[in-house]
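Read through the structure below, which is laid out as structure tokens, and then see the notes.
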Protein chains: 2
Amino acid sequence: MDARTKFYQFVERQGLRHTGQREKILTIVLATEKHVSAQELYDLVQKKHKEIGYATVSRTLKLLADSGVCRIVDFGDGVHRYEHQYGHGHHDHLICTKCGMVAEIYSEELEEIQSKLVKKHGFVQTRHKLDIFGLCSKCKT
Amino acid sequence: MDARTKFYQFVERQGLRHTGQREKILTIVLATEKHVSAQELYDLVQKKHKEIGYATVSRTLKLLADSGVCRIVDFGDGVHRYEHQYGHGHHDHLICTKCGMVAEIYSEELEEIQSKLVKKHGFVQTRHKLDIFGLCSKCKT
DNA sequence: GTCAGATTTGATAATGGATATCATTATCAA
DNA sequence: TTGATAATGATATCCATTATCAAATCTGAC
Ligand SMILES: [Mn+2]
Ligand SMILES: [Mn+2]
Ligand SMILES: [Zn+2]
Ligand SMILES: [Zn+2]
């Protein structure tokens with residue numbers, strides 16, 4: 001199912017409404033291959049749609065996260081960032097602390113070991129988050 | 001080197017001063033085997049030392065983190081938590097989203113796979129953070 | 001021990017991102 | 001078309017963290 005369908009199915013299921021603002025914001029979110037904060041997305045939205053307010057952007061991002069179209073990413077700098085999941089499977093992040101570059105990483109082996117650890121402790125896992133901080137190849141010299 | 005020595009060596013190296021408040025706060029931090037927020041630690045400190053203010057607790061926690069005696073732990077709920085490193089090696093966290101219970105996990109295998117991944121991407125790692133959220137054995141039924 | 005200069009403290013104000021409020025506008029089933 | 005209700009946008013509020021600043025404390029030099 002594509003991201004748009006997923007979002008509107010969620011909206012309908014929750015008794016919410018299809019609005020021009022949600023449509024426009026969703027379009028911009030899906031076109032953005034970055035980890036954006038509400039403010040950054042608001043700035044992007046403003047370029048095309050001057051009439052859309054910050055609060056609506058913020059609320060729509062929350063809705064996108066609740067619907068599963070977006071994921072909240074928190075690198076611990078006090079800002080919530082969002083990334084859409086369309087065409088992206090689960091992944092973790094490598095973050096360069098100098099230039100801010102973010103690389104997406106995935107390892108089946110890693111996921112399996114995590115699952116084993118969780119089971120060993122009698123937990124049922126719902127989600128996990130691995131952030132690795134360091135210097136990217138350009139910044140490390 | 002014990003935690004106290006480590007802290008005071010840091011304090012001296014930075015040209016900072018040895019004060020009663022820092023001493024008292026450090027003692028309470030070292031006696032606390034939890035992941036405490038500034039507010040929670042302030043409450044603990046208040047029980048013994050009514051005269052110590054919140055700002056001092058907050059500042060001292062930052063200092064403890066800078067000195068390496070404590071580590072900042074952020075479970076994404078908008079509050080910084082701190083844990084002292086005395087007698088604890090590196091570890092990651094399993095967090096029960098129902099009761100808030102936190103289990104500490106460690107796997108050499110996991111760490112090695114992470115290192116490999118980081119190298120593959122040309123990064124130099126400085127730190128990492130793995131948080132696994134789910135339900136603990138008591139809450140999962 | 002005393003002193004001067006610098007740091008620290010505690011109360012409180014400021015900050016900033018997220019969320020709540022509320023009057024107005026838009027959506028949508030009937 | 002219309003009434004009920006949700007959504008919007010401007011702004012206020014929240015809340016954890018950080019900054020401010022006068023008073024208190026620390027520390028090395030004497
Ligand atoms: Mn990502
Ligand atoms: Mn821990
Ligand atoms: Zn970099
Ligand atoms: Zn639990």
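Residues in the structure tokens are named by chain (A, B, ... in the order shown) and by number from 1 within that chain; ligands are numbered from 1 in the order shown.
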Residues of chain B within 10 Å of chain C: nearest atom pair and distance (Å, one decimal) for each, counting only C-alpha atoms (C1' of nucleotides), sorted by chain and number, as a Markdown table?
```
| residue | atom | partner | partner_atom | distance |
| --- | --- | --- | --- | --- |
| B:Gly15 | CA | C:DT7 | C1' | 9.3 |
| B:Leu16 | CA | C:DT7 | C1' | 7.3 |
| B:Arg17 | CA | C:DT7 | C1' | 7.2 |
| B:His18 | CA | C:DT8 | C1' | 9.8 |
| B:Thr19 | CA | C:DT8 | C1' | 8.1 |
| B:Gln21 | CA | C:DT9 | C1' | 8.8 |
| B:Glu51 | CA | C:DG10 | C1' | 8.6 |
| B:Ile52 | CA | C:DG10 | C1' | 7.5 |
| B:Gly53 | CA | C:DG10 | C1' | 5.5 |
| B:Tyr54 | CA | C:DG10 | C1' | 7.9 |
| B:Ala55 | CA | C:DG10 | C1' | 7.1 |
| B:Thr56 | CA | C:DT9 | C1' | 6.9 |
| B:Gly78 | CA | C:DA18 | C1' | 9.8 |
```
### Message
Based on the backbone DSSP call, show me all residues of chain B assigned strand (DSSP E or B), as a VMD selection string.
### Response
chain B and resid 36 to 37 70 to 73 81 to 84 92 to 96 102 to 105 124 to 135
With a distance threshold of 12 Å and counting only C-alpha atoms, extract the residues of chain B near chain A and express them as a PDB file with N, CA, C and O atoms, in the first residue's frame.
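Contents of the output file result-v4.pdb:
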```
ATOM      1  N   ILE B  72      24.600  10.655  30.225  1.00  0.00           N
ATOM      2  CA  ILE B  72      23.244  11.130  29.977  1.00  0.00           C
ATOM      3  C   ILE B  72      22.484  10.041  29.240  1.00  0.00           C
ATOM      4  O   ILE B  72      22.976   9.476  28.268  1.00  0.00           O
ATOM      5  N   VAL B  73      21.300   9.752  29.727  1.00  0.00           N
ATOM      6  CA  VAL B  73      20.444   8.749  29.110  1.00  0.00           C
ATOM      7  C   VAL B  73      19.162   9.460  28.705  1.00  0.00           C
ATOM      8  O   VAL B  73      18.584  10.184  29.502  1.00  0.00           O
ATOM      9  N   ASP B  74      18.758   9.305  27.469  1.00  0.00           N
ATOM     10  CA  ASP B  74      17.587  10.007  26.961  1.00  0.00           C
ATOM     11  C   ASP B  74      16.658   8.994  26.314  1.00  0.00           C
ATOM     12  O   ASP B  74      16.950   8.468  25.247  1.00  0.00           O
ATOM     13  N   PHE B  75      15.547   8.700  26.985  1.00  0.00           N
ATOM     14  CA  PHE B  75      14.616   7.718  26.440  1.00  0.00           C
ATOM     15  C   PHE B  75      13.563   8.361  25.538  1.00  0.00           C
ATOM     16  O   PHE B  75      12.559   7.740  25.206  1.00  0.00           O
ATOM     17  N   GLY B  76      13.788   9.602  25.164  1.00  0.00           N
ATOM     18  CA  GLY B  76      12.918  10.244  24.189  1.00  0.00           C
ATOM     19  C   GLY B  76      11.618  10.776  24.763  1.00  0.00           C
ATOM     20  O   GLY B  76      10.691  11.089  24.023  1.00  0.00           O
ATOM     21  N   ASP B  77      11.543  10.876  26.089  1.00  0.00           N
ATOM     22  CA  ASP B  77      10.319  11.390  26.706  1.00  0.00           C
ATOM     23  C   ASP B  77      10.471  12.852  27.120  1.00  0.00           C
ATOM     24  O   ASP B  77       9.696  13.360  27.921  1.00  0.00           O
ATOM     25  N   GLY B  78      11.488  13.507  26.577  1.00  0.00           N
ATOM     26  CA  GLY B  78      11.655  14.929  26.836  1.00  0.00           C
ATOM     27  C   GLY B  78      12.380  15.265  28.133  1.00  0.00           C
ATOM     28  O   GLY B  78      12.447  16.421  28.519  1.00  0.00           O
ATOM     29  N   VAL B  79      12.915  14.248  28.795  1.00  0.00           N
ATOM     30  CA  VAL B  79      13.646  14.476  30.035  1.00  0.00           C
ATOM     31  C   VAL B  79      15.030  13.837  29.927  1.00  0.00           C
ATOM     32  O   VAL B  79      15.152  12.707  29.463  1.00  0.00           O
ATOM     33  N   HIS B  80      16.032  14.578  30.334  1.00  0.00           N
ATOM     34  CA  HIS B  80      17.370  13.989  30.385  1.00  0.00           C
ATOM     35  C   HIS B  80      17.508  13.207  31.672  1.00  0.00           C
ATOM     36  O   HIS B  80      17.204  13.716  32.746  1.00  0.00           O
ATOM     37  N   ARG B  81      17.993  12.000  31.544  1.00  0.00           N
ATOM     38  CA  ARG B  81      18.266  11.206  32.731  1.00  0.00           C
ATOM     39  C   ARG B  81      19.766  10.973  32.831  1.00  0.00           C
ATOM     40  O   ARG B  81      20.483  11.063  31.837  1.00  0.00           O
ATOM     41  N   ASP B  92      23.367  -1.137  27.107  1.00  0.00           N
ATOM     42  CA  ASP B  92      22.212  -0.522  26.458  1.00  0.00           C
ATOM     43  C   ASP B  92      20.981  -0.783  27.312  1.00  0.00           C
ATOM     44  O   ASP B  92      21.099  -1.377  28.385  1.00  0.00           O
ATOM     45  N   HIS B  93      19.824  -0.327  26.831  1.00  0.00           N
ATOM     46  CA  HIS B  93      18.638  -0.378  27.690  1.00  0.00           C
ATOM     47  C   HIS B  93      17.417  -1.015  27.044  1.00  0.00           C
ATOM     48  O   HIS B  93      17.150  -0.819  25.863  1.00  0.00           O
ATOM     49  N   LEU B  94      16.725  -1.763  27.876  1.00  0.00           N
ATOM     50  CA  LEU B  94      15.417  -2.329  27.539  1.00  0.00           C
ATOM     51  C   LEU B  94      14.414  -1.573  28.402  1.00  0.00           C
ATOM     52  O   LEU B  94      14.536  -1.582  29.628  1.00  0.00           O
ATOM     53  N   ILE B  95      13.458  -0.910  27.777  1.00  0.00           N
ATOM     54  CA  ILE B  95      12.540  -0.072  28.538  1.00  0.00           C
ATOM     55  C   ILE B  95      11.105  -0.561  28.397  1.00  0.00           C
ATOM     56  O   ILE B  95      10.596  -0.705  27.285  1.00  0.00           O
ATOM     57  N   CYS B  96      10.467  -0.816  29.534  1.00  0.00           N
ATOM     58  CA  CYS B  96       9.054  -1.220  29.501  1.00  0.00           C
ATOM     59  C   CYS B  96       8.200   0.034  29.378  1.00  0.00           C
ATOM     60  O   CYS B  96       8.258   0.924  30.227  1.00  0.00           O
ATOM     61  N   THR B  97       7.412   0.082  28.307  1.00  0.00           N
ATOM     62  CA  THR B  97       6.629   1.296  28.040  1.00  0.00           C
ATOM     63  C   THR B  97       5.375   1.363  28.908  1.00  0.00           C
ATOM     64  O   THR B  97       4.685   2.372  28.917  1.00  0.00           O
ATOM     65  N   LYS B  98       5.110   0.271  29.643  1.00  0.00           N
ATOM     66  CA  LYS B  98       3.928   0.297  30.513  1.00  0.00           C
ATOM     67  C   LYS B  98       4.288   0.723  31.941  1.00  0.00           C
ATOM     68  O   LYS B  98       3.738   1.682  32.456  1.00  0.00           O
ATOM     69  N   MET B 101       9.887   0.214  33.776  1.00  0.00           N
ATOM     70  CA  MET B 101      11.049  -0.563  34.220  1.00  0.00           C
ATOM     71  C   MET B 101      12.145  -0.523  33.157  1.00  0.00           C
ATOM     72  O   MET B 101      11.872  -0.579  31.965  1.00  0.00           O
ATOM     73  N   VAL B 102      13.381  -0.403  33.613  1.00  0.00           N
ATOM     74  CA  VAL B 102      14.515  -0.369  32.695  1.00  0.00           C
ATOM     75  C   VAL B 102      15.472  -1.503  33.028  1.00  0.00           C
ATOM     76  O   VAL B 102      15.895  -1.647  34.179  1.00  0.00           O
ATOM     77  N   ALA B 103      15.778  -2.319  32.041  1.00  0.00           N
ATOM     78  CA  ALA B 103      16.774  -3.373  32.233  1.00  0.00           C
ATOM     79  C   ALA B 103      18.022  -3.004  31.428  1.00  0.00           C
ATOM     80  O   ALA B 103      17.923  -2.398  30.368  1.00  0.00           O
ATOM     81  N   GLU B 104      19.154  -3.356  31.975  1.00  0.00           N
ATOM     82  CA  GLU B 104      20.396  -3.040  31.280  1.00  0.00           C
ATOM     83  C   GLU B 104      20.880  -4.287  30.564  1.00  0.00           C
ATOM     84  O   GLU B 104      20.878  -5.383  31.120  1.00  0.00           O
ATOM     85  N   ILE B 105      21.244  -4.122  29.309  1.00  0.00           N
ATOM     86  CA  ILE B 105      21.661  -5.266  28.515  1.00  0.00           C
ATOM     87  C   ILE B 105      23.046  -5.028  27.922  1.00  0.00           C
ATOM     88  O   ILE B 105      23.456  -3.898  27.703  1.00  0.00           O
ATOM     89  N   TYR B 106      23.724  -6.123  27.663  1.00  0.00           N
ATOM     90  CA  TYR B 106      25.022  -6.011  27.022  1.00  0.00           C
ATOM     91  C   TYR B 106      25.310  -7.278  26.246  1.00  0.00           C
ATOM     92  O   TYR B 106      25.019  -8.384  26.708  1.00  0.00           O
ATOM     93  N   SER B 107      25.872  -7.114  25.081  1.00  0.00           N
ATOM     94  CA  SER B 107      26.283  -8.252  24.275  1.00  0.00           C
ATOM     95  C   SER B 107      27.521  -7.889  23.482  1.00  0.00           C
ATOM     96  O   SER B 107      27.511  -6.958  22.673  1.00  0.00           O
ATOM     97  N   GLU B 108      28.575  -8.629  23.746  1.00  0.00           N
ATOM     98  CA  GLU B 108      29.832  -8.411  23.030  1.00  0.00           C
ATOM     99  C   GLU B 108      29.619  -8.568  21.526  1.00  0.00           C
ATOM    100  O   GLU B 108      30.133  -7.781  20.719  1.00  0.00           O
ATOM    101  N   GLU B 109      28.816  -9.572  21.192  1.00  0.00           N
ATOM    102  CA  GLU B 109      28.525  -9.874  19.785  1.00  0.00           C
ATOM    103  C   GLU B 109      27.875  -8.665  19.107  1.00  0.00           C
ATOM    104  O   GLU B 109      28.243  -8.266  18.001  1.00  0.00           O
ATOM    105  N   LEU B 110      26.909  -8.093  19.807  1.00  0.00           N
ATOM    106  CA  LEU B 110      26.195  -6.920  19.294  1.00  0.00           C
ATOM    107  C   LEU B 110      27.170  -5.770  19.043  1.00  0.00           C
ATOM    108  O   LEU B 110      27.154  -5.131  17.987  1.00  0.00           O
ATOM    109  N   GLU B 111      28.030  -5.540  20.013  1.00  0.00           N
ATOM    110  CA  GLU B 111      28.985  -4.441  19.899  1.00  0.00           C
ATOM    111  C   GLU B 111      29.909  -4.648  18.696  1.00  0.00           C
ATOM    112  O   GLU B 111      30.226  -3.697  17.978  1.00  0.00           O
ATOM    113  N   GLU B 112      30.313  -5.902  18.490  1.00  0.00           N
ATOM    114  CA  GLU B 112      31.228  -6.190  17.378  1.00  0.00           C
ATOM    115  C   GLU B 112      30.577  -5.950  16.025  1.00  0.00           C
ATOM    116  O   GLU B 112      31.187  -5.398  15.123  1.00  0.00           O
ATOM    117  N   ILE B 113      29.322  -6.378  15.920  1.00  0.00           N
ATOM    118  CA  ILE B 113      28.618  -6.179  14.646  1.00  0.00           C
ATOM    119  C   ILE B 113      28.435  -4.690  14.373  1.00  0.00           C
ATOM    120  O   ILE B 113      28.585  -4.221  13.243  1.00  0.00           O
ATOM    121  N   GLN B 114      28.141  -3.949  15.419  1.00  0.00           N
ATOM    122  CA  GLN B 114      28.022  -2.498  15.267  1.00  0.00           C
ATOM    123  C   GLN B 114      29.327  -1.896  14.759  1.00  0.00           C
ATOM    124  O   GLN B 114      29.330  -1.098  13.813  1.00  0.00           O
ATOM    125  N   SER B 115      30.426  -2.294  15.371  1.00  0.00           N
ATOM    126  CA  SER B 115      31.732  -1.775  14.952  1.00  0.00           C
ATOM    127  C   SER B 115      32.000  -2.043  13.477  1.00  0.00           C
ATOM    128  O   SER B 115      32.490  -1.175  12.746  1.00  0.00           O
ATOM    129  N   LYS B 116      31.668  -3.261  13.055  1.00  0.00           N
ATOM    130  CA  LYS B 116      31.864  -3.621  11.648  1.00  0.00           C
ATOM    131  C   LYS B 116      31.048  -2.715  10.730  1.00  0.00           C
ATOM    132  O   LYS B 116      31.536  -2.237   9.706  1.00  0.00           O
ATOM    133  N   LEU B 117      29.800  -2.496  11.119  1.00  0.00           N
ATOM    134  CA  LEU B 117      28.912  -1.654  10.317  1.00  0.00           C
ATOM    135  C   LEU B 117      29.466  -0.231  10.185  1.00  0.00           C
ATOM    136  O   LEU B 117      29.444   0.367   9.113  1.00  0.00           O
ATOM    137  N   VAL B 118      29.936   0.263  11.316  1.00  0.00           N
ATOM    138  CA  VAL B 118      30.475   1.620  11.340  1.00  0.00           C
ATOM    139  C   VAL B 118      31.680   1.741  10.410  1.00  0.00           C
ATOM    140  O   VAL B 118      31.792   2.676   9.621  1.00  0.00           O
ATOM    141  N   LYS B 119      32.569   0.760  10.502  1.00  0.00           N
ATOM    142  CA  LYS B 119      33.761   0.752   9.648  1.00  0.00           C
ATOM    143  C   LYS B 119      33.372   0.699   8.171  1.00  0.00           C
ATOM    144  O   LYS B 119      33.952   1.388   7.346  1.00  0.00           O
ATOM    145  N   LYS B 120      32.392  -0.135   7.880  1.00  0.00           N
ATOM    146  CA  LYS B 120      31.953  -0.304   6.494  1.00  0.00           C
ATOM    147  C   LYS B 120      31.504   1.029   5.887  1.00  0.00           C
ATOM    148  O   LYS B 120      31.621   1.247   4.690  1.00  0.00           O
ATOM    149  N   HIS B 121      30.995   1.904   6.743  1.00  0.00           N
ATOM    150  CA  HIS B 121      30.530   3.203   6.260  1.00  0.00           C
ATOM    151  C   HIS B 121      31.593   4.297   6.386  1.00  0.00           C
ATOM    152  O   HIS B 121      31.300   5.465   6.162  1.00  0.00           O
ATOM    153  N   GLY B 122      32.800   3.899   6.782  1.00  0.00           N
ATOM    154  CA  GLY B 122      33.894   4.860   6.860  1.00  0.00           C
ATOM    155  C   GLY B 122      33.807   5.827   8.031  1.00  0.00           C
ATOM    156  O   GLY B 122      34.468   6.857   8.040  1.00  0.00           O
ATOM    157  N   PHE B 123      32.971   5.495   8.993  1.00  0.00           N
ATOM    158  CA  PHE B 123      32.837   6.354  10.165  1.00  0.00           C
ATOM    159  C   PHE B 123      33.850   5.981  11.246  1.00  0.00           C
ATOM    160  O   PHE B 123      34.352   4.859  11.279  1.00  0.00           O
ATOM    161  N   VAL B 124      34.105   6.939  12.115  1.00  0.00           N
ATOM    162  CA  VAL B 124      34.816   6.660  13.357  1.00  0.00           C
ATOM    163  C   VAL B 124      33.804   6.851  14.476  1.00  0.00           C
ATOM    164  O   VAL B 124      33.235   7.941  14.622  1.00  0.00           O
ATOM    165  N   GLN B 125      33.580   5.812  15.242  1.00  0.00           N
ATOM    166  CA  GLN B 125      32.539   5.859  16.262  1.00  0.00           C
ATOM    167  C   GLN B 125      33.034   6.527  17.548  1.00  0.00           C
ATOM    168  O   GLN B 125      34.150   6.275  17.985  1.00  0.00           O
ATOM    169  N   THR B 126      32.205   7.375  18.137  1.00  0.00           N
ATOM    170  CA  THR B 126      32.563   7.925  19.440  1.00  0.00           C
ATOM    171  C   THR B 126      31.658   7.358  20.529  1.00  0.00           C
ATOM    172  O   THR B 126      32.090   7.096  21.629  1.00  0.00           O
ATOM    173  N   ARG B 127      30.378   7.191  20.201  1.00  0.00           N
ATOM    174  CA  ARG B 127      29.480   6.577  21.169  1.00  0.00           C
ATOM    175  C   ARG B 127      28.261   6.047  20.435  1.00  0.00           C
ATOM    176  O   ARG B 127      28.027   6.405  19.270  1.00  0.00           O
ATOM    177  N   HIS B 128      27.507   5.224  21.104  1.00  0.00           N
ATOM    178  CA  HIS B 128      26.259   4.759  20.491  1.00  0.00           C
ATOM    179  C   HIS B 128      25.238   4.526  21.575  1.00  0.00           C
ATOM    180  O   HIS B 128      25.561   4.501  22.765  1.00  0.00           O
ATOM    181  N   LYS B 129      24.032   4.344  21.127  1.00  0.00           N
ATOM    182  CA  LYS B 129      22.923   4.274  22.055  1.00  0.00           C
ATOM    183  C   LYS B 129      21.882   3.350  21.448  1.00  0.00           C
ATOM    184  O   LYS B 129      21.366   3.618  20.368  1.00  0.00           O
ATOM    185  N   LEU B 130      21.621   2.241  22.132  1.00  0.00           N
ATOM    186  CA  LEU B 130      20.568   1.327  21.677  1.00  0.00           C
ATOM    187  C   LEU B 130      19.500   1.265  22.756  1.00  0.00           C
ATOM    188  O   LEU B 130      19.774   0.868  23.887  1.00  0.00           O
ATOM    189  N   ASP B 131      18.316   1.694  22.408  1.00  0.00           N
ATOM    190  CA  ASP B 131      17.178   1.594  23.316  1.00  0.00           C
ATOM    191  C   ASP B 131      16.145   0.685  22.679  1.00  0.00           C
ATOM    192  O   ASP B 131      15.746   0.902  21.538  1.00  0.00           O
ATOM    193  N   ILE B 132      15.751  -0.337  23.427  1.00  0.00           N
ATOM    194  CA  ILE B 132      14.708  -1.232  22.938  1.00  0.00           C
ATOM    195  C   ILE B 132      13.480  -1.040  23.812  1.00  0.00           C
ATOM    196  O   ILE B 132      13.545  -1.171  25.032  1.00  0.00           O
ATOM    197  N   PHE B 133      12.375  -0.695  23.184  1.00  0.00           N
ATOM    198  CA  PHE B 133      11.134  -0.452  23.915  1.00  0.00           C
ATOM    199  C   PHE B 133      10.191  -1.637  23.745  1.00  0.00           C
ATOM    200  O   PHE B 133      10.154  -2.266  22.695  1.00  0.00           O
ATOM    201  N   GLY B 134       9.448  -1.925  24.800  1.00  0.00           N
ATOM    202  CA  GLY B 134       8.514  -3.038  24.725  1.00  0.00           C
ATOM    203  C   GLY B 134       7.826  -3.225  26.056  1.00  0.00           C
ATOM    204  O   GLY B 134       7.677  -2.270  26.822  1.00  0.00           O
ATOM    205  N   LEU B 135       7.410  -4.454  26.325  1.00  0.00           N
ATOM    206  CA  LEU B 135       6.743  -4.754  27.584  1.00  0.00           C
ATOM    207  C   LEU B 135       7.563  -5.764  28.362  1.00  0.00           C
ATOM    208  O   LEU B 135       8.038  -6.759  27.805  1.00  0.00           O
ATOM    209  N   CYS B 136       7.754  -5.503  29.638  1.00  0.00           N
ATOM    210  CA  CYS B 136       8.533  -6.410  30.469  1.00  0.00           C
ATOM    211  C   CYS B 136       7.723  -7.667  30.789  1.00  0.00           C
ATOM    212  O   CYS B 136       6.535  -7.748  30.471  1.00  0.00           O
ATOM    213  N   SER B 137       8.372  -8.634  31.410  1.00  0.00           N
ATOM    214  CA  SER B 137       7.708  -9.924  31.651  1.00  0.00           C
ATOM    215  C   SER B 137       6.463  -9.762  32.520  1.00  0.00           C
ATOM    216  O   SER B 137       5.502 -10.511  32.370  1.00  0.00           O
ATOM    217  N   LYS B 138       6.472  -8.774  33.407  1.00  0.00           N
ATOM    218  CA  LYS B 138       5.302  -8.559  34.273  1.00  0.00           C
ATOM    219  C   LYS B 138       4.154  -7.886  33.541  1.00  0.00           C
ATOM    220  O   LYS B 138       2.984  -8.105  33.878  1.00  0.00           O
ATOM    221  N   CYS B 139       4.483  -7.075  32.562  1.00  0.00           N
ATOM    222  CA  CYS B 139       3.450  -6.268  31.887  1.00  0.00           C
ATOM    223  C   CYS B 139       2.935  -6.882  30.588  1.00  0.00           C
ATOM    224  O   CYS B 139       1.917  -6.434  30.059  1.00  0.00           O
ATOM    225  N   LYS B 140       3.624  -7.888  30.075  1.00  0.00           N
ATOM    226  CA  LYS B 140       3.302  -8.321  28.710  1.00  0.00           C
ATOM    227  C   LYS B 140       2.010  -9.128  28.587  1.00  0.00           C
ATOM    228  O   LYS B 140       1.477  -9.262  27.491  1.00  0.00           O
ATOM    229  N   THR B 141       1.517  -9.683  29.679  1.00  0.00           N
ATOM    230  CA  THR B 141       0.291 -10.503  29.586  1.00  0.00           C
ATOM    231  C   THR B 141      -0.939  -9.638  29.347  1.00  0.00           C
ATOM    232  O   THR B 141      -1.280  -8.808  30.124  1.00  0.00           O
TER     233      THR B 141
END
```
Please produce, as a Markdown table, a per-residue contact table for chain D versus chain A (criterion: any atom at most 12 Å away, only C-alpha atoms (C1' of nucleotides) considered), showing the nearest atom pair and its distance in Å to one decimal, sorted by chain then residue number.
```
| residue | atom | partner | partner_atom | distance |
| --- | --- | --- | --- | --- |
| D:DT5 | C1' | A:Leu16 | CA | 10.2 |
| D:DA6 | C1' | A:Leu16 | CA | 7.0 |
| D:DA7 | C1' | A:Thr19 | CA | 7.9 |
| D:DT8 | C1' | A:Thr56 | CA | 6.8 |
| D:DG9 | C1' | A:Gly53 | CA | 5.5 |
| D:DA10 | C1' | A:Gly53 | CA | 8.3 |
| D:DT11 | C1' | A:Ala55 | CA | 10.2 |
| D:DA16 | C1' | A:Gly78 | CA | 10.1 |
| D:DT17 | C1' | A:Gly78 | CA | 9.9 |
```
Put those residues in a file: N, CA, C and O atoms (P, O5', C5', C4', C3', O3' and C1' of nucleotides), as a PDB file, in the first residue's frame.
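As written to disk, out-v2.pdb reads:
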```
ATOM      1  P    DT D   5     -22.359  16.897  16.922  1.00  0.00           P
ATOM      2  O5'  DT D   5     -20.911  17.027  16.259  1.00  0.00           O
ATOM      3  C5'  DT D   5     -20.573  16.178  15.179  1.00  0.00           C
ATOM      4  C4'  DT D   5     -19.251  16.631  14.593  1.00  0.00           C
ATOM      5  C3'  DT D   5     -18.172  16.901  15.648  1.00  0.00           C
ATOM      6  O3'  DT D   5     -16.989  16.288  15.184  1.00  0.00           O
ATOM      7  C1'  DT D   5     -18.279  18.667  14.151  1.00  0.00           C
ATOM      8  P    DA D   6     -15.841  15.815  16.121  1.00  0.00           P
ATOM      9  O5'  DA D   6     -14.616  15.914  15.103  1.00  0.00           O
ATOM     10  C5'  DA D   6     -14.831  15.539  13.753  1.00  0.00           C
ATOM     11  C4'  DA D   6     -13.923  16.355  12.858  1.00  0.00           C
ATOM     12  C3'  DA D   6     -12.514  16.532  13.412  1.00  0.00           C
ATOM     13  O3'  DA D   6     -11.619  16.298  12.342  1.00  0.00           O
ATOM     14  C1'  DA D   6     -13.461  18.658  12.961  1.00  0.00           C
ATOM     15  P    DA D   7     -10.099  16.596  12.473  1.00  0.00           P
ATOM     16  O5'  DA D   7      -9.959  18.060  11.878  1.00  0.00           O
ATOM     17  C5'  DA D   7     -10.250  18.268  10.503  1.00  0.00           C
ATOM     18  C4'  DA D   7      -9.682  19.607  10.084  1.00  0.00           C
ATOM     19  C3'  DA D   7      -8.222  19.819  10.462  1.00  0.00           C
ATOM     20  O3'  DA D   7      -7.572  20.353   9.326  1.00  0.00           O
ATOM     21  C1'  DA D   7      -9.567  21.547  11.399  1.00  0.00           C
ATOM     22  P    DT D   8      -6.091  20.770   9.355  1.00  0.00           P
ATOM     23  O5'  DT D   8      -6.222  22.330   9.571  1.00  0.00           O
ATOM     24  C5'  DT D   8      -6.946  23.104   8.615  1.00  0.00           C
ATOM     25  C4'  DT D   8      -6.935  24.551   9.050  1.00  0.00           C
ATOM     26  C3'  DT D   8      -5.545  25.091   9.366  1.00  0.00           C
ATOM     27  O3'  DT D   8      -5.285  26.180   8.501  1.00  0.00           O
ATOM     28  C1'  DT D   8      -7.106  25.651  11.080  1.00  0.00           C
ATOM     29  P    DG D   9      -3.829  26.665   8.238  1.00  0.00           P
ATOM     30  O5'  DG D   9      -3.766  27.905   9.211  1.00  0.00           O
ATOM     31  C5'  DG D   9      -4.635  29.003   9.000  1.00  0.00           C
ATOM     32  C4'  DG D   9      -4.418  30.015  10.102  1.00  0.00           C
ATOM     33  C3'  DG D   9      -2.963  30.336  10.415  1.00  0.00           C
ATOM     34  O3'  DG D   9      -2.918  31.721  10.729  1.00  0.00           O
ATOM     35  C1'  DG D   9      -3.995  29.531  12.363  1.00  0.00           C
ATOM     36  P    DA D  10      -1.601  32.518  10.641  1.00  0.00           P
ATOM     37  O5'  DA D  10      -1.716  33.305  12.018  1.00  0.00           O
ATOM     38  C5'  DA D  10      -2.905  34.034  12.301  1.00  0.00           C
ATOM     39  C4'  DA D  10      -3.014  34.246  13.791  1.00  0.00           C
ATOM     40  C3'  DA D  10      -1.717  34.707  14.472  1.00  0.00           C
ATOM     41  O3'  DA D  10      -1.999  35.877  15.223  1.00  0.00           O
ATOM     42  C1'  DA D  10      -2.623  32.831  15.601  1.00  0.00           C
ATOM     43  P    DT D  11      -0.861  36.605  16.012  1.00  0.00           P
ATOM     44  O5'  DT D  11      -0.958  35.970  17.461  1.00  0.00           O
ATOM     45  C5'  DT D  11      -2.249  35.817  18.059  1.00  0.00           C
ATOM     46  C4'  DT D  11      -2.137  34.896  19.238  1.00  0.00           C
ATOM     47  C3'  DT D  11      -0.949  35.194  20.178  1.00  0.00           C
ATOM     48  O3'  DT D  11      -1.502  35.506  21.439  1.00  0.00           O
ATOM     49  C1'  DT D  11      -1.239  32.884  19.834  1.00  0.00           C
ATOM     50  P    DA D  16       8.884  19.053  33.265  1.00  0.00           P
ATOM     51  O5'  DA D  16      10.384  18.835  32.793  1.00  0.00           O
ATOM     52  C5'  DA D  16      10.623  18.252  31.518  1.00  0.00           C
ATOM     53  C4'  DA D  16      11.831  18.892  30.900  1.00  0.00           C
ATOM     54  C3'  DA D  16      13.069  18.929  31.797  1.00  0.00           C
ATOM     55  O3'  DA D  16      14.160  18.396  31.074  1.00  0.00           O
ATOM     56  C1'  DA D  16      12.593  21.107  30.963  1.00  0.00           C
ATOM     57  P    DT D  17      15.616  18.333  31.685  1.00  0.00           P
ATOM     58  O5'  DT D  17      16.309  19.657  31.121  1.00  0.00           O
ATOM     59  C5'  DT D  17      16.343  19.859  29.715  1.00  0.00           C
ATOM     60  C4'  DT D  17      16.888  21.238  29.436  1.00  0.00           C
ATOM     61  C3'  DT D  17      18.248  21.526  30.068  1.00  0.00           C
ATOM     62  O3'  DT D  17      19.145  21.816  29.002  1.00  0.00           O
ATOM     63  C1'  DT D  17      16.728  23.325  30.408  1.00  0.00           C
TER      64       DT D  17
END
```
### Query
Hey, can you check how far atom CA of A:Leu64 sits from atom CA of B:Cys99?
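Atom CA of B:Cys99 lies at a distance of 26.5 Å from atom CA of A:Leu64.
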